[in-house]
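One structure below.
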Amino acid sequence: MATKKANNEVQQQLESVFQRFPLLLVHGIPLMEPIAQRWAEVENFEARPDDLVIATYPKAGTTWTQEIVDLILAAGDTEKSQRAPMQVRIPFLEYCTPPPLPSGIDRLVNAPSPRVMKTHLPFQLLPKSFLEKDCKIIYVARNAKDTVVSYFFFDQMHLMQPDPGPWNGYVTKFMEGNVPWGSWYDHVRCYWEKKANHRILYLFYEDMKEDLVREIRRMTDFLEVDLPEDIVDKIAHHTSFQIMKDNPMANYDTVPSTIFDRTKSSFMRKGEVGDWKNYFTVAQNEAFDADYLRKMEGTSLHFRNVLNSQKKFS
Ligand code: A3P
């Protein structure tokens, strides 16, 4: 009875503090107000040499990669990966909300080593300590068009993200980098360039969809974890879209409906490559491609199946 009352009180507190937060610029990158307000804590975060960072632009397959990494480090023990929801197992470094929920840093400071954490920070905003300690970073990139579609649905359901508004305007905001964590184009490019001088494993969502076992192997090699073939197969099976969709420790079902409005979308929405074709109009697609070519000029970073004309990238 007392627990129920306490839960109700927490629920009421949550309802009073949660809102769609505005974006504030932090070193030129739009971040949600509560993150910007506690930015000094993020900037001064003390890394440890054996920290592992999973870095992504939002909607690139972060949670998928988190689940895989957690299982790799547990040698495929699926019971162990049921110990807590994802946000507890692999905290979100910069994330914070007004109390009562703990921030990512609250969860991380006293966590035992080796710590694994998620971040959406662009490379230039990563706390310097990670680079000084030469921490390993797994970066996952997803093509821009599927990312913007996924982000649009996520922003509708996530009641702390800015209201996405209608689809047409949202595509423009995305192209301008006027969404939480800023420009997709700068994000994917910068990590791509920095991998030459830092311990960054750069993965693609599309490659994971194409051959998950192969990409899990790339992760085990990078993490220097030796796993037999059957365990890698087991991890691939356990992290398939359908199984993760039904796994409450991985699908964010534990997040209260005051934060995730599941009438708008589901976190495990479709998990496909090329879903953008169902949403982009011909005119939007042409404008997006022209802008894309300008923003991605000069990089050797290529995404598959995303432009109508791949000529400049072949
Ligand atoms: P969709 O909205 O296109 O379905 P993130 O974790 O970075 O927020 O990314 C969420 C996206 O990854 C969602 O994309 C989600 O469905 C997809 N995703 C999550 N787990 C997946 C899995 N096991 N296989 C394929 N896609 C997955």
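Just remember, in the structure tokens the first chain shown is A, the second B, etc., residues are 1-based per chain, and ligands are 1-based in the order shown.
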
Would you mind listing what lies within 12 Å of Lys136 in chain A as a list in words, with only C-alpha atoms counted and same-chain residues fewer than 5 positions away left out?
->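 Everything that qualifies: Ala47, Arg48, Pro49, Asp50, Asp51, Leu52, Val53, Ile54, Ala55, Pro114, Arg115, Val116, Met117, Phe130, Leu131, Lys195, Asn197, His198, Arg199, Ile200, Leu201, Tyr202, Met219, Phe222, Leu223 and Glu224 of chain A.
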
Could you pull out all residues of range 5-247 of chain A with a DSSP call of strand (DSSP E) and give them as a list of chain:residue names?
->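 The strand (DSSP E) subset of range 5-247 of chain A is A:Leu23, A:Leu24, A:Leu25, A:Val26, A:Ile29, A:Pro30, A:Leu31, A:Met32, A:Leu52, A:Val53, A:Ile54, A:Ala55, A:Thr56, A:Val116, A:Met117, A:Lys118, A:Thr119, A:Lys136, A:Ile137, A:Ile138, A:Tyr139, A:Val140, A:Ala141, A:Ile200, A:Leu201, A:Tyr202, A:Leu203, A:Phe204.
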
Residues from the last selection, C-alpha atoms, saved as a short mmCIF file (atom, residue, chain, number, x, y, z; two decimals), in the first residue's frame:
```cif
data_model
loop_
_atom_site.label_atom_id
_atom_site.label_comp_id
_atom_site.auth_asym_id
_atom_site.auth_seq_id
_atom_site.Cartn_x
_atom_site.Cartn_y
_atom_site.Cartn_z
CA LEU A 23 16.27 23.64 -27.28
CA LEU A 24 19.19 25.73 -26.07
CA LEU A 25 22.48 26.06 -27.90
CA VAL A 26 25.51 24.49 -26.24
CA ILE A 29 24.53 22.51 -30.81
CA PRO A 30 20.80 22.53 -29.89
CA LEU A 31 20.23 20.43 -26.77
CA MET A 32 17.16 20.13 -24.61
CA LEU A 52 33.12 2.07 -23.57
CA VAL A 53 31.04 4.68 -25.35
CA ILE A 54 28.24 3.86 -27.80
CA ALA A 55 27.81 7.05 -29.80
CA THR A 56 25.12 7.74 -32.36
CA VAL A 116 29.32 1.23 -20.88
CA MET A 117 27.38 4.33 -21.78
CA LYS A 118 25.35 5.77 -24.61
CA THR A 119 25.66 9.28 -25.98
CA LYS A 136 36.91 2.92 -27.15
CA ILE A 137 33.92 4.30 -29.02
CA ILE A 138 31.42 2.32 -31.09
CA TYR A 139 29.72 4.68 -33.50
CA VAL A 140 26.62 3.66 -35.47
CA ALA A 141 25.34 5.66 -38.43
CA ILE A 200 36.35 4.39 -33.05
CA LEU A 201 34.57 1.41 -34.61
CA TYR A 202 32.27 2.93 -37.24
CA LEU A 203 29.24 0.78 -38.02
CA PHE A 204 26.20 1.21 -40.24
#
```

Go through chain A and flag each residue having an atom no more than 9 Å from ligand 1; for those, report the closest pair of atoms plus their distance in Å to one decimal, using only C-alpha atoms and all ligand atoms, ordered by chain and rising number, as JSON lines.
```
{"residue": "A:Thr56", "atom": "CA", "partner": "ligand 1", "partner_atom_place_in_ligand_line": "7 (O)", "distance": 6.8}
{"residue": "A:Tyr57", "atom": "CA", "partner": "ligand 1", "partner_atom_place_in_ligand_line": "7 (O)", "distance": 7.1}
{"residue": "A:Pro58", "atom": "CA", "partner": "ligand 1", "partner_atom_place_in_ligand_line": "7 (O)", "distance": 4.9}
{"residue": "A:Lys59", "atom": "CA", "partner": "ligand 1", "partner_atom_place_in_ligand_line": "7 (O)", "distance": 3.3}
{"residue": "A:Ala60", "atom": "CA", "partner": "ligand 1", "partner_atom_place_in_ligand_line": "7 (O)", "distance": 4.2}
{"residue": "A:Gly61", "atom": "CA", "partner": "ligand 1", "partner_atom_place_in_ligand_line": "9 (O)", "distance": 3.8}
{"residue": "A:Thr62", "atom": "CA", "partner": "ligand 1", "partner_atom_place_in_ligand_line": "7 (O)", "distance": 3.6}
{"residue": "A:Thr63", "atom": "CA", "partner": "ligand 1", "partner_atom_place_in_ligand_line": "6 (O)", "distance": 3.7}
{"residue": "A:Trp64", "atom": "CA", "partner": "ligand 1", "partner_atom_place_in_ligand_line": "20 (N)", "distance": 4.2}
{"residue": "A:Thr65", "atom": "CA", "partner": "ligand 1", "partner_atom_place_in_ligand_line": "6 (O)", "distance": 7.8}
{"residue": "A:Gln66", "atom": "CA", "partner": "ligand 1", "partner_atom_place_in_ligand_line": "6 (O)", "distance": 8.3}
{"residue": "A:Glu67", "atom": "CA", "partner": "ligand 1", "partner_atom_place_in_ligand_line": "23 (N)", "distance": 8.4}
{"residue": "A:Ile68", "atom": "CA", "partner": "ligand 1", "partner_atom_place_in_ligand_line": "23 (N)", "distance": 8.9}
{"residue": "A:His120", "atom": "CA", "partner": "ligand 1", "partner_atom_place_in_ligand_line": "7 (O)", "distance": 8.8}
{"residue": "A:Val140", "atom": "CA", "partner": "ligand 1", "partner_atom_place_in_ligand_line": "7 (O)", "distance": 8.6}
{"residue": "A:Arg142", "atom": "CA", "partner": "ligand 1", "partner_atom_place_in_ligand_line": "7 (O)", "distance": 8.9}
{"residue": "A:Asp146", "atom": "CA", "partner": "ligand 1", "partner_atom_place_in_ligand_line": "3 (O)", "distance": 6.2}
{"residue": "A:Thr147", "atom": "CA", "partner": "ligand 1", "partner_atom_place_in_ligand_line": "3 (O)", "distance": 7.0}
{"residue": "A:Val148", "atom": "CA", "partner": "ligand 1", "partner_atom_place_in_ligand_line": "3 (O)", "distance": 8.9}
{"residue": "A:Val149", "atom": "CA", "partner": "ligand 1", "partner_atom_place_in_ligand_line": "3 (O)", "distance": 6.9}
{"residue": "A:Ser150", "atom": "CA", "partner": "ligand 1", "partner_atom_place_in_ligand_line": "2 (O)", "distance": 3.7}
{"residue": "A:Tyr151", "atom": "CA", "partner": "ligand 1", "partner_atom_place_in_ligand_line": "2 (O)", "distance": 6.9}
{"residue": "A:Phe152", "atom": "CA", "partner": "ligand 1", "partner_atom_place_in_ligand_line": "2 (O)", "distance": 8.5}
{"residue": "A:Phe153", "atom": "CA", "partner": "ligand 1", "partner_atom_place_in_ligand_line": "2 (O)", "distance": 6.8}
{"residue": "A:Phe154", "atom": "CA", "partner": "ligand 1", "partner_atom_place_in_ligand_line": "2 (O)", "distance": 7.0}
{"residue": "A:Tyr205", "atom": "CA", "partner": "ligand 1", "partner_atom_place_in_ligand_line": "26 (N)", "distance": 7.8}
{"residue": "A:Met208", "atom": "CA", "partner": "ligand 1", "partner_atom_place_in_ligand_line": "25 (C)", "distance": 8.0}
{"residue": "A:Lys209", "atom": "CA", "partner": "ligand 1", "partner_atom_place_in_ligand_line": "25 (C)", "distance": 6.6}
{"residue": "A:Ala236", "atom": "CA", "partner": "ligand 1", "partner_atom_place_in_ligand_line": "23 (N)", "distance": 8.8}
{"residue": "A:His238", "atom": "CA", "partner": "ligand 1", "partner_atom_place_in_ligand_line": "23 (N)", "distance": 8.4}
{"residue": "A:Thr239", "atom": "CA", "partner": "ligand 1", "partner_atom_place_in_ligand_line": "23 (N)", "distance": 4.9}
{"residue": "A:Ser240", "atom": "CA", "partner": "ligand 1", "partner_atom_place_in_ligand_line": "23 (N)", "distance": 4.4}
{"residue": "A:Phe241", "atom": "CA", "partner": "ligand 1", "partner_atom_place_in_ligand_line": "23 (N)", "distance": 3.5}
{"residue": "A:Gln242", "atom": "CA", "partner": "ligand 1", "partner_atom_place_in_ligand_line": "23 (N)", "distance": 7.0}
{"residue": "A:Ile243", "atom": "CA", "partner": "ligand 1", "partner_atom_place_in_ligand_line": "23 (N)", "distance": 7.4}
{"residue": "A:Met244", "atom": "CA", "partner": "ligand 1", "partner_atom_place_in_ligand_line": "23 (N)", "distance": 5.6}
{"residue": "A:Lys245", "atom": "CA", "partner": "ligand 1", "partner_atom_place_in_ligand_line": "20 (N)", "distance": 7.2}
{"residue": "A:Ala250", "atom": "CA", "partner": "ligand 1", "partner_atom_place_in_ligand_line": "20 (N)", "distance": 8.3}
{"residue": "A:Asn251", "atom": "CA", "partner": "ligand 1", "partner_atom_place_in_ligand_line": "20 (N)", "distance": 7.8}
{"residue": "A:Ser265", "atom": "CA", "partner": "ligand 1", "partner_atom_place_in_ligand_line": "2 (O)", "distance": 8.7}
{"residue": "A:Ser266", "atom": "CA", "partner": "ligand 1", "partner_atom_place_in_ligand_line": "2 (O)", "distance": 8.0}
{"residue": "A:Phe267", "atom": "CA", "partner": "ligand 1", "partner_atom_place_in_ligand_line": "16 (O)", "distance": 6.1}
{"residue": "A:Met268", "atom": "CA", "partner": "ligand 1", "partner_atom_place_in_ligand_line": "16 (O)", "distance": 3.7}
{"residue": "A:Arg269", "atom": "CA", "partner": "ligand 1", "partner_atom_place_in_ligand_line": "4 (O)", "distance": 3.7}
{"residue": "A:Lys270", "atom": "CA", "partner": "ligand 1", "partner_atom_place_in_ligand_line": "4 (O)", "distance": 3.5}
{"residue": "A:Gly271", "atom": "CA", "partner": "ligand 1", "partner_atom_place_in_ligand_line": "26 (N)", "distance": 3.5}
{"residue": "A:Glu272", "atom": "CA", "partner": "ligand 1", "partner_atom_place_in_ligand_line": "3 (O)", "distance": 5.7}
{"residue": "A:Val273", "atom": "CA", "partner": "ligand 1", "partner_atom_place_in_ligand_line": "3 (O)", "distance": 7.5}
{"residue": "A:Gly274", "atom": "CA", "partner": "ligand 1", "partner_atom_place_in_ligand_line": "3 (O)", "distance": 8.9}
{"residue": "A:Asp275", "atom": "CA", "partner": "ligand 1", "partner_atom_place_in_ligand_line": "3 (O)", "distance": 7.0}
{"residue": "A:Trp276", "atom": "CA", "partner": "ligand 1", "partner_atom_place_in_ligand_line": "3 (O)", "distance": 8.7}
```

Quick one: everything within 9 Å of Ser103 in chain A, counting only C-alpha atoms, minus sequence neighbours fewer than 5 positions away in the same chain. Send it as an mmCIF file with all heavy atoms, in the first residue's frame.
```cif
data_model
loop_
_atom_site.group_PDB
_atom_site.id
_atom_site.type_symbol
_atom_site.label_atom_id
_atom_site.label_comp_id
_atom_site.auth_asym_id
_atom_site.auth_seq_id
_atom_site.Cartn_x
_atom_site.Cartn_y
_atom_site.Cartn_z
ATOM 1 N N PRO A 91 23.652 3.498 -19.185
ATOM 2 C CA PRO A 91 23.079 4.843 -19.028
ATOM 3 C C PRO A 91 23.405 5.779 -20.199
ATOM 4 O O PRO A 91 24.381 5.592 -20.919
ATOM 5 C CB PRO A 91 23.722 5.346 -17.732
ATOM 6 C CG PRO A 91 24.174 4.120 -17.010
ATOM 7 C CD PRO A 91 24.538 3.131 -18.075
ATOM 8 N N PHE A 92 22.551 6.771 -20.290
ATOM 9 C CA PHE A 92 22.612 7.779 -21.353
ATOM 10 C C PHE A 92 23.374 8.969 -20.765
ATOM 11 O O PHE A 92 22.835 9.725 -19.958
ATOM 12 C CB PHE A 92 21.162 8.140 -21.694
ATOM 13 C CG PHE A 92 20.941 9.004 -22.898
ATOM 14 C CD1 PHE A 92 19.642 9.214 -23.354
ATOM 15 C CD2 PHE A 92 21.977 9.605 -23.586
ATOM 16 C CE1 PHE A 92 19.382 10.007 -24.453
ATOM 17 C CE2 PHE A 92 21.743 10.398 -24.689
ATOM 18 C CZ PHE A 92 20.438 10.599 -25.119
ATOM 19 N N LEU A 93 24.626 9.085 -21.157
ATOM 20 C CA LEU A 93 25.567 10.018 -20.527
ATOM 21 C C LEU A 93 24.993 11.411 -20.237
ATOM 22 O O LEU A 93 24.945 11.856 -19.099
ATOM 23 C CB LEU A 93 26.823 10.149 -21.418
ATOM 24 C CG LEU A 93 27.838 11.211 -21.004
ATOM 25 C CD1 LEU A 93 28.546 10.825 -19.722
ATOM 26 C CD2 LEU A 93 28.857 11.447 -22.116
ATOM 27 N N GLU A 94 24.570 12.119 -21.267
ATOM 28 C CA GLU A 94 24.234 13.540 -21.085
ATOM 29 C C GLU A 94 22.772 13.743 -20.664
ATOM 30 O O GLU A 94 22.370 14.866 -20.382
ATOM 31 C CB GLU A 94 24.501 14.329 -22.372
ATOM 32 C CG GLU A 94 23.628 13.994 -23.581
ATOM 33 C CD GLU A 94 24.219 12.890 -24.442
ATOM 34 O OE1 GLU A 94 24.986 12.070 -23.906
ATOM 35 O OE2 GLU A 94 23.900 12.836 -25.636
ATOM 36 N N TYR A 95 22.009 12.660 -20.620
ATOM 37 C CA TYR A 95 20.578 12.845 -20.419
ATOM 38 C C TYR A 95 20.247 13.283 -19.011
ATOM 39 O O TYR A 95 20.731 12.709 -18.050
ATOM 40 C CB TYR A 95 19.829 11.545 -20.725
ATOM 41 C CG TYR A 95 18.457 11.841 -21.259
ATOM 42 C CD1 TYR A 95 18.317 12.473 -22.483
ATOM 43 C CD2 TYR A 95 17.322 11.533 -20.540
ATOM 44 C CE1 TYR A 95 17.073 12.781 -22.984
ATOM 45 C CE2 TYR A 95 16.063 11.844 -21.044
ATOM 46 C CZ TYR A 95 15.961 12.457 -22.267
ATOM 47 O OH TYR A 95 14.727 12.770 -22.767
ATOM 48 N N CYS A 96 19.459 14.289 -18.894
ATOM 49 C CA CYS A 96 18.923 14.596 -17.575
ATOM 50 C C CYS A 96 17.581 15.269 -17.715
ATOM 51 O O CYS A 96 17.274 15.901 -18.721
ATOM 52 C CB CYS A 96 19.889 15.405 -16.742
ATOM 53 S SG CYS A 96 20.302 16.955 -17.397
ATOM 54 N N THR A 97 16.784 15.047 -16.693
ATOM 55 C CA THR A 97 15.451 15.605 -16.618
ATOM 56 C C THR A 97 15.402 16.260 -15.246
ATOM 57 O O THR A 97 16.250 15.961 -14.410
ATOM 58 C CB THR A 97 14.416 14.485 -16.668
ATOM 59 O OG1 THR A 97 14.680 13.603 -15.580
ATOM 60 C CG2 THR A 97 14.451 13.714 -17.960
ATOM 61 N N PRO A 98 14.431 17.084 -15.004
ATOM 62 C CA PRO A 98 14.311 17.568 -13.633
ATOM 63 C C PRO A 98 14.092 16.379 -12.694
ATOM 64 O O PRO A 98 13.571 15.350 -13.135
ATOM 65 C CB PRO A 98 13.071 18.465 -13.684
ATOM 66 C CG PRO A 98 12.889 18.788 -15.136
ATOM 67 C CD PRO A 98 13.403 17.620 -15.892
ATOM 68 N N LEU A 108 26.067 7.019 -13.652
ATOM 69 C CA LEU A 108 27.395 6.562 -14.058
ATOM 70 C C LEU A 108 28.497 6.784 -13.030
ATOM 71 O O LEU A 108 29.438 5.999 -12.946
ATOM 72 C CB LEU A 108 27.800 7.261 -15.362
ATOM 73 C CG LEU A 108 27.136 6.727 -16.629
ATOM 74 C CD1 LEU A 108 27.280 7.707 -17.782
ATOM 75 C CD2 LEU A 108 27.736 5.375 -17.009
#
```

Of the residues A:Asn44, A:Ser81, A:Gln37, A:Thr299, which is the one nearest to Asn247 in chain A, using only C-alpha atoms?
->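 Of A:Asn44, A:Ser81, A:Gln37, A:Thr299, the one nearest Asn247 in chain A is A:Ser81, counting only C-alpha atoms.
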
From a DSSP pass on the backbone, collect the residues of range 14-142 of chain A flagged as helix (DSSP H, G or I) and hand them back as number ranges by chain.
-> A: 14-17, 33-37, 39-43, 62-73, 80-82, 86-89, 104-109, 123-125, 128-132

Mind giving me the straight-line distance from CA of Arg214 in chain A to CA of Ala75 in chain A in Å, one decimal?
->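 Taking CA of Arg214 in chain A and CA of Ala75 in chain A, their separation equals 16.6 Å.
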
So what do you get for CA of Lys145 in chain A versus CA of Arg20 in chain A, distance-wise?
->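 Between these atoms lies a distance of 24.1 Å.
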
Write out as a compact mmCIF listing (two decimals) with N, CA and C atoms, in the first residue's frame which residues come within 8 Å of Met296 in chain A when counting only C-alpha atoms, dropping same-chain ones fewer than 3 positions away.
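File written: around39.txt
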```
# COMPACT_ATOMS: atom_id res chain seq x y z
N TYR A 185 24.29 15.63 -40.56
CA TYR A 185 25.38 15.63 -41.54
C TYR A 185 26.73 15.84 -40.84
N ARG A 189 29.68 12.85 -40.26
CA ARG A 189 30.95 13.17 -40.93
C ARG A 189 32.09 13.28 -39.93
N TYR A 292 21.61 17.37 -49.61
CA TYR A 292 22.49 16.30 -49.12
C TYR A 292 23.83 16.34 -49.85
N LEU A 293 23.75 16.49 -51.17
CA LEU A 293 24.98 16.51 -51.96
C LEU A 293 25.87 17.67 -51.55
N THR A 299 33.36 14.23 -48.63
CA THR A 299 33.61 13.15 -47.66
C THR A 299 33.68 11.81 -48.38
```

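When CA of Gly182 in chain A is paired with CA of Pro122 in chain A, their separation reads 8.2 Å.
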
Near-Asp226 in chain A list (10 Å; only C-alpha atoms; drop same-chain fewer than 4 positions) as a list of chain:residue names |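 Those residues are A:Ile72, A:Ala75, A:Arg217, A:Thr220, A:Asp221, A:Val232.
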
Residue selection dump (N, CA and C atoms) as a PDB file, in the first residue's frame:
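Output below, filename again.pdb:
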```pdb
ATOM      1  N   ILE A  72      27.310  -9.182 -25.589  1.00  0.00           N
ATOM      2  CA  ILE A  72      28.708  -9.579 -25.851  1.00  0.00           C
ATOM      3  C   ILE A  72      29.474  -9.596 -24.531  1.00  0.00           C
ATOM      4  N   ALA A  75      28.859 -12.500 -22.456  1.00  0.00           N
ATOM      5  CA  ALA A  75      29.134 -13.759 -23.158  1.00  0.00           C
ATOM      6  C   ALA A  75      27.841 -14.460 -23.585  1.00  0.00           C
ATOM      7  N   ARG A 217      30.486  -9.732 -35.046  1.00  0.00           N
ATOM      8  CA  ARG A 217      31.900 -10.157 -35.059  1.00  0.00           C
ATOM      9  C   ARG A 217      32.829  -8.942 -35.061  1.00  0.00           C
ATOM     10  N   THR A 220      32.874  -7.777 -31.533  1.00  0.00           N
ATOM     11  CA  THR A 220      33.657  -8.617 -30.599  1.00  0.00           C
ATOM     12  C   THR A 220      35.149  -8.426 -30.853  1.00  0.00           C
ATOM     13  N   ASP A 221      35.532  -8.302 -32.112  1.00  0.00           N
ATOM     14  CA  ASP A 221      36.956  -8.074 -32.413  1.00  0.00           C
ATOM     15  C   ASP A 221      37.419  -6.760 -31.808  1.00  0.00           C
ATOM     16  N   VAL A 232      27.676 -16.133 -30.784  1.00  0.00           N
ATOM     17  CA  VAL A 232      27.424 -14.987 -31.676  1.00  0.00           C
ATOM     18  C   VAL A 232      26.062 -15.170 -32.356  1.00  0.00           C
TER      19      VAL A 232
END
```
